[in-house]
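**Q** Below you'll find the structure I mean.
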Amino acid sequence: MDRRRFLLASLAGALAVPLSAGAQQTASRRRIGVLFVLQSPSGREARAFQQGLRDMGYVEGRDVAIEWRAANGDYARLPQLAADLVERRVEVIVADTTAATKAAQRATSAIPIVMAIVADPVGDGLVANLSRPGANVTGLSIMLAELSAKRLQLLKDAPRPTMRERSRTSRRPHLRWGWN
C-alpha cells in the first residue's frame with residue numbers, strides 16, 4: 001500500500017468516527033484541517049490529497065470542508081496555525097511533517113491527528129509504539145532505524161542462490177553475485 005492510500009484510509013477512518021457532540025451533525029459537512037510546513041495548499045501534494053478524497057467519495061464543498069494552513073517554511077508559525085485549526089473545530093488534522101504533527105499535538109488532545117510523513121514517531125514522542133499509537137495521533141511513518149535492522153536480518157536469513165539458479169537468472173553465469 002503506498003503512502004497516499006494509507007494516509008487517505010487513515011483519514012477516512014477518522015472521518016467515519018461519529019462525533020462526540022451528537023449524531024444529528026452527520027448530515028453536515030465534515031471539516032478537515034490540513035497543516036503544512038513546506039507544502040502549498042495549491043501544490044501537487046494538496047491536489048493529490050483532494051483527488052484521493054474524491055476517489056473515496058468525498059467531494060470538497062459538498063461532503064468536506066478543508067481548512068488549509070501553511071507555514072511556508074516558517075516553523076515558528078506552526079503553533080498559531082495549529083491553534084487556529086483547533087479554534088475552527090475541525091474534526092481531524094492532517095499534518096505533513098514531524099514539526100507540524102508536534103504542533104498539532106500540543107494544540108489538542110481531543111482532535112484526531114493524521115501524520116503524513118514522520119521519520120521516527122516513537123523516538124519523537126508522538127506515539128507510544130507503532131502497533132498501538134495511543135492518544136490522538138496516527139498515520140504514516142518512514143521509520144528507517146527499526147526497519148533497517150529488520151531488513152538486514154531478512155537479507156542475512158535469505159537463502160543464497162545456488163550456481164544453477166545463478167546461471168538461469170544471469171546472462172553471464174561466470175560472474176559471481178557476491179555470495180560464496
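Each chain of the C-alpha cells is named A, B, ... in the order shown, its residues numbered from 1; ligands are numbered from 1 in display order.
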Taking 6 positions as the minimum chain separation for residues in the same chain, which residues sit within 9 Å of Phe36 (chain A) when counting only C-alpha atoms? Answer as number ranges by chain.
**A** A: 68-73, 78, 94-97, 100
**Q** Write down as JSON, numbers by chain the residues of region 45-160 of chain A whose backbone DSSP state falls under alpha helix (DSSP H).
**A** {"A": [45, 46, 47, 48, 49, 50, 51, 52, 53, 54, 55, 78, 79, 80, 81, 82, 83, 84, 85, 86, 87, 98, 99, 100, 101, 102, 103, 104, 105, 106, 107, 144, 145, 146, 147, 148, 149, 150, 151, 152, 153, 154, 155, 156, 157]}
**Q** Would you put the residues from that selection into a file with N, CA and C atoms, as a tab-separated table (two decimals), in the first residue's frame?
**A**
chain	number	residue	atom	x	y	z
A	45	GLU	N	0.99	18.08	-3.83
A	45	GLU	CA	0.57	17.23	-2.73
A	45	GLU	C	-0.87	17.53	-2.33
A	46	ALA	N	-1.22	18.80	-2.28
A	46	ALA	CA	-2.58	19.18	-1.93
A	46	ALA	C	-3.57	18.69	-2.98
A	47	ARG	N	-3.21	18.82	-4.25
A	47	ARG	CA	-4.09	18.33	-5.32
A	47	ARG	C	-4.25	16.81	-5.24
A	48	ALA	N	-3.17	16.11	-4.92
A	48	ALA	CA	-3.24	14.65	-4.78
A	48	ALA	C	-4.13	14.28	-3.59
A	49	PHE	N	-4.04	15.03	-2.51
A	49	PHE	CA	-4.89	14.80	-1.34
A	49	PHE	C	-6.36	14.99	-1.71
A	50	GLN	N	-6.66	16.07	-2.41
A	50	GLN	CA	-8.04	16.33	-2.83
A	50	GLN	C	-8.54	15.24	-3.77
A	51	GLN	N	-7.69	14.79	-4.70
A	51	GLN	CA	-8.07	13.73	-5.62
A	51	GLN	C	-8.33	12.43	-4.86
A	52	GLY	N	-7.49	12.14	-3.89
A	52	GLY	CA	-7.69	10.95	-3.07
A	52	GLY	C	-9.02	10.99	-2.32
A	53	LEU	N	-9.37	12.15	-1.82
A	53	LEU	CA	-10.68	12.29	-1.16
A	53	LEU	C	-11.80	12.05	-2.15
A	54	ARG	N	-11.67	12.61	-3.35
A	54	ARG	CA	-12.70	12.40	-4.39
A	54	ARG	C	-12.80	10.92	-4.74
A	55	ASP	N	-11.66	10.25	-4.84
A	55	ASP	CA	-11.66	8.83	-5.15
A	55	ASP	C	-12.39	8.01	-4.08
A	78	LEU	N	3.90	27.52	13.26
A	78	LEU	CA	3.14	26.28	13.43
A	78	LEU	C	2.21	26.27	14.64
A	79	PRO	N	2.66	26.68	15.84
A	79	PRO	CA	1.75	26.65	16.99
A	79	PRO	C	0.49	27.49	16.77
A	80	GLN	N	0.63	28.66	16.19
A	80	GLN	CA	-0.54	29.51	15.93
A	80	GLN	C	-1.45	28.90	14.87
A	81	LEU	N	-0.88	28.35	13.84
A	81	LEU	CA	-1.68	27.72	12.78
A	81	LEU	C	-2.44	26.51	13.31
A	82	ALA	N	-1.78	25.70	14.15
A	82	ALA	CA	-2.44	24.54	14.75
A	82	ALA	C	-3.56	25.00	15.69
A	83	ALA	N	-3.31	26.02	16.49
A	83	ALA	CA	-4.34	26.55	17.39
A	83	ALA	C	-5.53	27.09	16.60
A	84	ASP	N	-5.26	27.69	15.46
A	84	ASP	CA	-6.34	28.21	14.61
A	84	ASP	C	-7.23	27.08	14.10
A	85	LEU	N	-6.62	25.96	13.73
A	85	LEU	CA	-7.41	24.80	13.28
A	85	LEU	C	-8.27	24.26	14.41
A	86	VAL	N	-7.72	24.22	15.62
A	86	VAL	CA	-8.49	23.76	16.78
A	86	VAL	C	-9.64	24.71	17.06
A	87	GLU	N	-9.39	26.01	16.98
A	87	GLU	CA	-10.44	27.02	17.18
A	87	GLU	C	-11.58	26.86	16.19
A	98	THR	N	7.01	16.04	11.01
A	98	THR	CA	7.14	15.86	12.46
A	98	THR	C	6.82	17.16	13.19
A	99	ALA	N	7.37	18.27	12.72
A	99	ALA	CA	7.14	19.56	13.38
A	99	ALA	C	5.66	19.94	13.37
A	100	ALA	N	4.99	19.74	12.26
A	100	ALA	CA	3.56	20.06	12.18
A	100	ALA	C	2.75	19.13	13.08
A	101	THR	N	3.11	17.86	13.13
A	101	THR	CA	2.41	16.90	13.99
A	101	THR	C	2.58	17.27	15.45
A	102	LYS	N	3.81	17.66	15.84
A	102	LYS	CA	4.04	18.07	17.22
A	102	LYS	C	3.25	19.32	17.57
A	103	ALA	N	3.19	20.27	16.66
A	103	ALA	CA	2.43	21.50	16.92
A	103	ALA	C	0.95	21.17	17.09
A	104	ALA	N	0.42	20.30	16.25
A	104	ALA	CA	-0.99	19.91	16.36
A	104	ALA	C	-1.24	19.15	17.66
A	105	GLN	N	-0.30	18.28	18.03
A	105	GLN	CA	-0.45	17.51	19.26
A	105	GLN	C	-0.44	18.41	20.49
A	106	ARG	N	0.39	19.45	20.47
A	106	ARG	CA	0.41	20.40	21.59
A	106	ARG	C	-0.86	21.24	21.64
A	107	ALA	N	-1.48	21.45	20.48
A	107	ALA	CA	-2.69	22.28	20.42
A	107	ALA	C	-3.94	21.54	20.87
A	144	LEU	N	13.11	4.54	9.62
A	144	LEU	CA	14.20	3.84	8.98
A	144	LEU	C	15.06	3.06	9.96
A	145	ALA	N	15.23	3.55	11.17
A	145	ALA	CA	16.13	2.90	12.12
A	145	ALA	C	15.68	1.49	12.44
A	146	GLU	N	14.43	1.30	12.83
A	146	GLU	CA	13.93	-0.02	13.18
A	146	GLU	C	13.83	-0.91	11.95
A	147	LEU	N	13.41	-0.35	10.83
A	147	LEU	CA	13.26	-1.15	9.62
A	147	LEU	C	14.60	-1.59	9.05
A	148	SER	N	15.61	-0.78	9.19
A	148	SER	CA	16.94	-1.14	8.66
A	148	SER	C	17.46	-2.40	9.31
A	149	ALA	N	17.34	-2.52	10.61
A	149	ALA	CA	17.80	-3.72	11.30
A	149	ALA	C	17.02	-4.94	10.82
A	150	LYS	N	15.73	-4.79	10.65
A	150	LYS	CA	14.90	-5.91	10.17
A	150	LYS	C	15.27	-6.28	8.73
A	151	ARG	N	15.51	-5.30	7.89
A	151	ARG	CA	15.88	-5.57	6.50
A	151	ARG	C	17.21	-6.32	6.44
A	152	LEU	N	18.16	-5.91	7.26
A	152	LEU	CA	19.45	-6.60	7.29
A	152	LEU	C	19.29	-8.04	7.76
A	153	GLN	N	18.44	-8.26	8.75
A	153	GLN	CA	18.20	-9.62	9.23
A	153	GLN	C	17.55	-10.46	8.15
A	154	LEU	N	16.58	-9.90	7.42
A	154	LEU	CA	15.95	-10.65	6.33
A	154	LEU	C	16.96	-10.99	5.25
A	155	LEU	N	17.83	-10.07	4.92
A	155	LEU	CA	18.85	-10.33	3.92
A	155	LEU	C	19.81	-11.43	4.38
A	156	LYS	N	20.17	-11.37	5.64
A	156	LYS	CA	21.07	-12.38	6.20
A	156	LYS	C	20.41	-13.76	6.20
A	157	ASP	N	19.12	-13.82	6.50
A	157	ASP	CA	18.40	-15.09	6.57
A	157	ASP	C	17.95	-15.61	5.21
**Q** Rounded to one decimal place, report the CA of Ile113 (chain A)-CA of Gln39 (chain A) distance in Å.
**A** 17.5 Å
**Q** Between CA of Val90 (chain A) and CA of Met115 (chain A), what distance in Å does the model show, to one decimal?
**A**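 Computing the Euclidean distance for CA of Val90 (chain A) and CA of Met115 (chain A) yields 15.4 Å.
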